[in-house]
Each structure stands twice: as C-alpha cells, then as structure tokens.
Amino acid sequence: MADELGERTEMPTPRRLQEARERGQVAKSTDLAAGIDLVGAFVLLLLLGAPLTFALAGMLRHLLDDRASGSIINADSPLLGDTIAWAGAHAGVLLLPALVVMFIIALAAQIVQVGWVVTGEPISPKFDKLDPVKGFSRVFGMKNFVKTLLGVLKMSAVAGVTLGVAISEWPKVIALAALEAHLIWPAIAGILIRLLAWLLAILIILGILDYAYQRWTHLSELKMTKQQVKDEQRSMDGDPEVKGRRLRMARQIALQRVNQTVPKADVVVTNPTHFSVALKYDPKTMAAPKVVAKGADDMAFRIREIAAAHRVPIVERPPLARALFAGVPVGKQIAPEHYEAVAEILAYVYRLENRQTDGARAGDKGGRAA
C-alpha cells in the first residue's frame with residue numbers, strides 16, 4: 001500500500017546521500033559546533049590567559065609611560081601613527097597563535113560532523129525561496145517548531161545551571177567582602193571558571209542531542225520510495241533483462257572460443273574441479289607456452305569435456321592451475337616463474353604422445369605381417 005501511494009519508506013541509498021552531499025545538504029548542528037568552539041576558547045583561556053594578560057599589560061604600560069604619553073595625548077604629534085602601528089603589530093603577534101588555534105578548532109568542529117565538503121550550492125540564488133507560501137510553511141513548519149523548542153530547552157538548561165552554581169557558590173560570594181583586595185579577583189575567577197565549565201558541559205550535551213536530531217531529520221528528508229530505489233538501481237546497473245541478455249551473449253561467445261581453441265591445445269591443466277587452463281606451445285612461433293583458454297566451475301568442466309572429446313591430455317596440477325588462471329590472461333604467454341612446471345608437463349605429454357605413436361606404428365607393422 002505504501003508503495004502504491006509513493007510513500008518514502010526506504011532509507012536513502014549511498015548514491016542519494018552522495019548527491020545530497022555534493023549539494024551541501026548534510027547533517028550538522030550549529031549548537032554542537034558552537035559548543036566545541038567555546039570549549040576550545042575556554043581551554044585556551046586557561047592555558048594562555050595569564051601570559052597574554054601580562055604581555056598586553058606590559059604593552060599598555062609602555063604606551064602610557066612618560067616617554068610615549070605625549071605621542072598619544074597630542075593628536076598632532078608625528079609619532080602618533082608609528083605608536084598605533086607598533087601597538088597593532090605587537091598585539092597581533094601576541095594574539096595570532098591563539099587566533100590560529102581557534103580557527104583550527106572551528107574548522108575541526110565542522111569536519112568532525114560532516115567531513116570535508118566544499119560546494120557553492122547552498123549560497124547559490126534559488127528563486128523558489130521567494131515563494132511566500134513556501135516561506136510561510138518553513139516559518140511555521142515542524143522543523144522550526146523543534147528548533148524553537150530546543151532553543152527554549154537550551155536557555156532553560158543554561159538558566160538552571162547558572163542558578164544552581166550561584167546558589168552553591170553563594171557563601172563564597174558573601175565572603176568576598178571580607179577578603180583583601182588582591183585576593184578578590186582570584187576568588188571571582190575561580191567561581192566564574194566553575195560556572196563556565198558547567199555551562200560548556202551543558203552546551204556540549206545539548207549540541208550532541210541536536211546533532212542526533214539533525215542527522216535523523218536529514219535521513220528522513222532523503223528517504224526514497226521503493227520505485228525510486230528500483231529506478232536508481234536500474235540506472236546504475238542497467239535494465240536486468242538487457243544485462244542478462246548481455247551475459248548470455250558473452251557466455252555464448254566464450255563457449256565458441258573455447259570450442260575452437262581447446263581442441264588445438266597441447267595440454268589442459270586442472271585444479272581438478274574448479275579451474276581449467278588450456279596451454280599451447282609451438283617452438284617455431286612462440287617464445288613460451290601460451291594460454292589459449294581458461295575457465296572456472298562450469299566453464300572449467302566444459303573445457304575438460306572438450307579436451308577429453310578431442311584426446312587433449314588433461315593433467316592435474318592444482319597450484320599451477322590456480323596460478324595460471326589468476327595471473328595469465330587468455331592469449332598471453334606464461335610468466336617465467338611458471339616455465340619449469342609447464343616444461344615438465346609438456347615433456348610428460350610429449351613422451352606420452354611418442355609412446356602412443358610408437359604403439360600405433362607397432363600395431364600397423366604387426367597387421368601388415370599378418
């Protein structure tokens with residue numbers, strides 16, 4: 001019934017997922033990326049906050065000392081431009097490593113979710129987005145409703161965590177009034193660090209939930225009908241009837257070639273049941289024996305049948321048969337590493353043929369004598 005109604009009940013195929021990826025349609029969570037970025041910034045602040053603060057404070061002291069103060073206070077001073085340039089360059093050198101690390105963290109937050117995707121499809125103009133009816137459905141659709149619900153949940157979680165930390169740290173906040181001035185800021189920093197740690201943990205958890213929801217939504221939007229799956233399979237593999245007809249024609253051509261080449265072979269090397277390889281060697285025209293036919297399973301059995309019918313010797317050498325079948329194409333000469341083994345087989349076949357020829361001659365002589 002679902003197939004008749006064209007309902008999308010099938011999971012998207014790899015091809016459909018790849019096409020969506022090329023269009024920039026991937027499952028990603030901006031909340032998770034923002035949470036990762038904030039965690040990275042928080043760790044950088046813990047590691048580099050104190051050194052950067054002291055370095056920037058030293059730069060500020062240099063700008064405000066007696067020798068440089070005139071260049072700042074007097075806007076007409078010719079040294080003002082040099083002073084601003086020095087301050088900008090110095091601050092840039094101090095902040096550049098942290099900015100580079102933050103850029104890498106932000107890039108990694110995207111790559112972790114969707115991998116490496118570079119496409120201009122999402123920013124290309126689409127005039128169907130100007131349709132007010134579709135715009136109204138997008139604004140009041142289920143996707144935006146869930147997004148709003150997640151936003152409310154996130155704000156509630158942040159407010160709850162902030163309130164909980166504030167209540168637990170309230171005695172320390174009250175005790176700040178009794179501390180000396182140089183101890184107040186470290187105490188406040190400790191409280192803020194604990195609050196930020198809790199908030200970041202909540203944001204990461206909410207980001208993971210949002211990513212799971214975005215992935216589920218992405219796969220749901222790309223679901224296919226049974227007919228779409230069949231059409232895609234047909235477009236990739238071709239029509240099954242045409243494919244079957246091609247296979248039958250290929251098999252007929254292979255059988256015709258086997259019927260022509262196997263009777264002319266000198267020997268057939270077998271596995272003995274899975275592989276058969278027919279070899280031909282003419283010292284006058286060939287530098288080495290050549291594979292004139294080979295086959296596996298049913299084709300191997302057919303080669304042995306033809307060989308037996310035309311009195312072509314069949315020799316069982318499983319390792320050699322497997323090696324020749326896997327490594328030597330039809331019509332090509334065998335590799336040097338097979339020379340010795342094939343030479344032994346051909347020598348055995350030639351001796352066998354000579355004995356049969358001698359026996360036939362002896363029989364002819366006896367018949368004439370009688």
# chains A, B, ... in the order shown; residues from 1 in each chain; ligands from 1
>>> residues_around(residues="Thr30 (chain A)", least_positions_apart="3", cutoff="8 Å", atoms="only C-alpha atoms", output="PyMOL selection string")
chain A and resi 33-34+207
>>> write_last_selection(atoms="C-alpha atoms", output="PDB file, in the first residue's frame")
ATOM      1  CA  ALA A  33      29.971  23.402  16.636  1.00  0.00           C
ATOM      2  CA  ALA A  34      29.448  26.425  18.907  1.00  0.00           C
ATOM      3  CA  GLY A 207      24.808  20.032  20.911  1.00  0.00           C
TER       4      GLY A 207
END
>>> residues_around(residues="Ala293 (chain A)", least_positions_apart="6", cutoff="6 Å", atoms="only C-alpha atoms", output="PDB file with N, CA and C atoms, in the first residue's frame")
ATOM      1  N   VAL A 277      42.904 -24.751 -17.387  1.00  0.00           N
ATOM      2  CA  VAL A 277      43.681 -23.842 -18.230  1.00  0.00           C
ATOM      3  C   VAL A 277      44.265 -24.648 -19.379  1.00  0.00           C
ATOM      4  N   ALA A 278      43.931 -24.248 -20.611  1.00  0.00           N
ATOM      5  CA  ALA A 278      44.449 -24.936 -21.799  1.00  0.00           C
ATOM      6  C   ALA A 278      45.696 -24.211 -22.296  1.00  0.00           C
ATOM      7  N   VAL A 330      43.970 -14.835 -21.231  1.00  0.00           N
ATOM      8  CA  VAL A 330      43.852 -15.686 -22.416  1.00  0.00           C
ATOM      9  C   VAL A 330      44.562 -15.003 -23.585  1.00  0.00           C
TER      10      VAL A 330
END
>>> residues_around(residues="region 294-304 of chain A", least_positions_apart="2", cutoff="9 Å", atoms="only C-alpha atoms", output="PyMOL selection string")
chain A and resi 254-255+258-259+262+268+270+272-279+291-292+306-309+312+314+324-325+329-330
>>> write_last_selection(atoms="N, CA and C atoms", output="compact mmCIF listing (two decimals), in the first residue's frame")
# COMPACT_ATOMS: atom_id res chain seq x y z
N ALA A 254 32.16 -16.88 -25.33
CA ALA A 254 33.23 -17.59 -24.63
C ALA A 254 33.22 -19.07 -24.98
N LEU A 255 32.01 -19.68 -25.07
CA LEU A 255 31.91 -21.10 -25.42
C LEU A 255 32.40 -21.34 -26.84
N VAL A 258 36.12 -21.27 -26.75
CA VAL A 258 36.64 -22.49 -26.12
C VAL A 258 36.53 -23.67 -27.08
N ASN A 259 35.42 -23.79 -27.80
CA ASN A 259 35.23 -24.89 -28.75
C ASN A 259 36.26 -24.85 -29.87
N VAL A 262 40.38 -25.08 -27.57
CA VAL A 262 40.76 -26.22 -26.74
C VAL A 262 41.19 -27.42 -27.58
N VAL A 268 45.74 -29.59 -21.01
CA VAL A 268 44.84 -28.84 -20.14
C VAL A 268 45.24 -29.11 -18.70
N THR A 270 44.45 -28.73 -14.74
CA THR A 270 43.22 -28.56 -13.96
C THR A 270 43.53 -28.47 -12.47
N PRO A 272 41.56 -30.03 -9.53
CA PRO A 272 40.99 -30.56 -10.76
C PRO A 272 39.53 -30.16 -11.06
N THR A 273 38.81 -29.54 -10.14
CA THR A 273 37.39 -29.31 -10.36
C THR A 273 37.04 -27.84 -10.59
N HIS A 274 37.75 -26.92 -9.97
CA HIS A 274 37.35 -25.51 -10.04
C HIS A 274 37.95 -24.76 -11.23
N PHE A 275 39.18 -25.08 -11.62
CA PHE A 275 39.85 -24.33 -12.68
C PHE A 275 40.37 -25.27 -13.75
N SER A 276 40.34 -24.78 -14.99
CA SER A 276 40.95 -25.49 -16.11
C SER A 276 41.64 -24.46 -16.99
N VAL A 277 42.90 -24.75 -17.39
CA VAL A 277 43.68 -23.84 -18.23
C VAL A 277 44.26 -24.65 -19.38
N ALA A 278 43.93 -24.25 -20.61
CA ALA A 278 44.45 -24.94 -21.80
C ALA A 278 45.70 -24.21 -22.30
N LEU A 279 46.77 -24.99 -22.55
CA LEU A 279 48.05 -24.43 -22.97
C LEU A 279 48.41 -24.92 -24.36
N VAL A 291 48.49 -19.40 -22.98
CA VAL A 291 47.17 -19.80 -22.50
C VAL A 291 46.16 -19.52 -23.60
N VAL A 292 45.51 -20.55 -24.12
CA VAL A 292 44.55 -20.37 -25.21
C VAL A 292 43.11 -20.39 -24.71
N ILE A 306 35.55 -30.87 -23.63
CA ILE A 306 36.05 -30.68 -25.00
C ILE A 306 37.42 -31.34 -25.14
N ALA A 307 38.27 -31.18 -24.14
CA ALA A 307 39.60 -31.78 -24.20
C ALA A 307 39.52 -33.31 -24.28
N ALA A 308 38.64 -33.89 -23.47
CA ALA A 308 38.50 -35.35 -23.50
C ALA A 308 37.96 -35.82 -24.84
N ALA A 309 37.02 -35.06 -25.40
CA ALA A 309 36.44 -35.46 -26.69
C ALA A 309 37.47 -35.40 -27.82
N VAL A 312 42.81 -34.40 -25.98
CA VAL A 312 43.82 -33.48 -25.46
C VAL A 312 44.17 -33.92 -24.04
N ILE A 314 44.85 -34.21 -20.19
CA ILE A 314 44.40 -33.44 -19.02
C ILE A 314 45.29 -33.82 -17.85
N LEU A 324 48.05 -20.04 -12.97
CA LEU A 324 47.85 -19.66 -14.37
C LEU A 324 46.50 -18.97 -14.57
N PHE A 325 45.48 -19.48 -13.91
CA PHE A 325 44.15 -18.87 -14.05
C PHE A 325 44.13 -17.44 -13.52
N PRO A 329 46.36 -13.84 -18.66
CA PRO A 329 45.16 -13.65 -19.49
C PRO A 329 45.16 -14.61 -20.68
N VAL A 330 43.97 -14.83 -21.23
CA VAL A 330 43.85 -15.69 -22.42
C VAL A 330 44.56 -15.00 -23.59
>>> select_by_dssp(residues="region 99-304 of chain A", states="helix (DSSP H, G or I)", output="PyMOL selection string")
chain A and resi 99-114+121-123+127-130+132-139+142-168+170-178+181-221+226-237+240-264+298-304
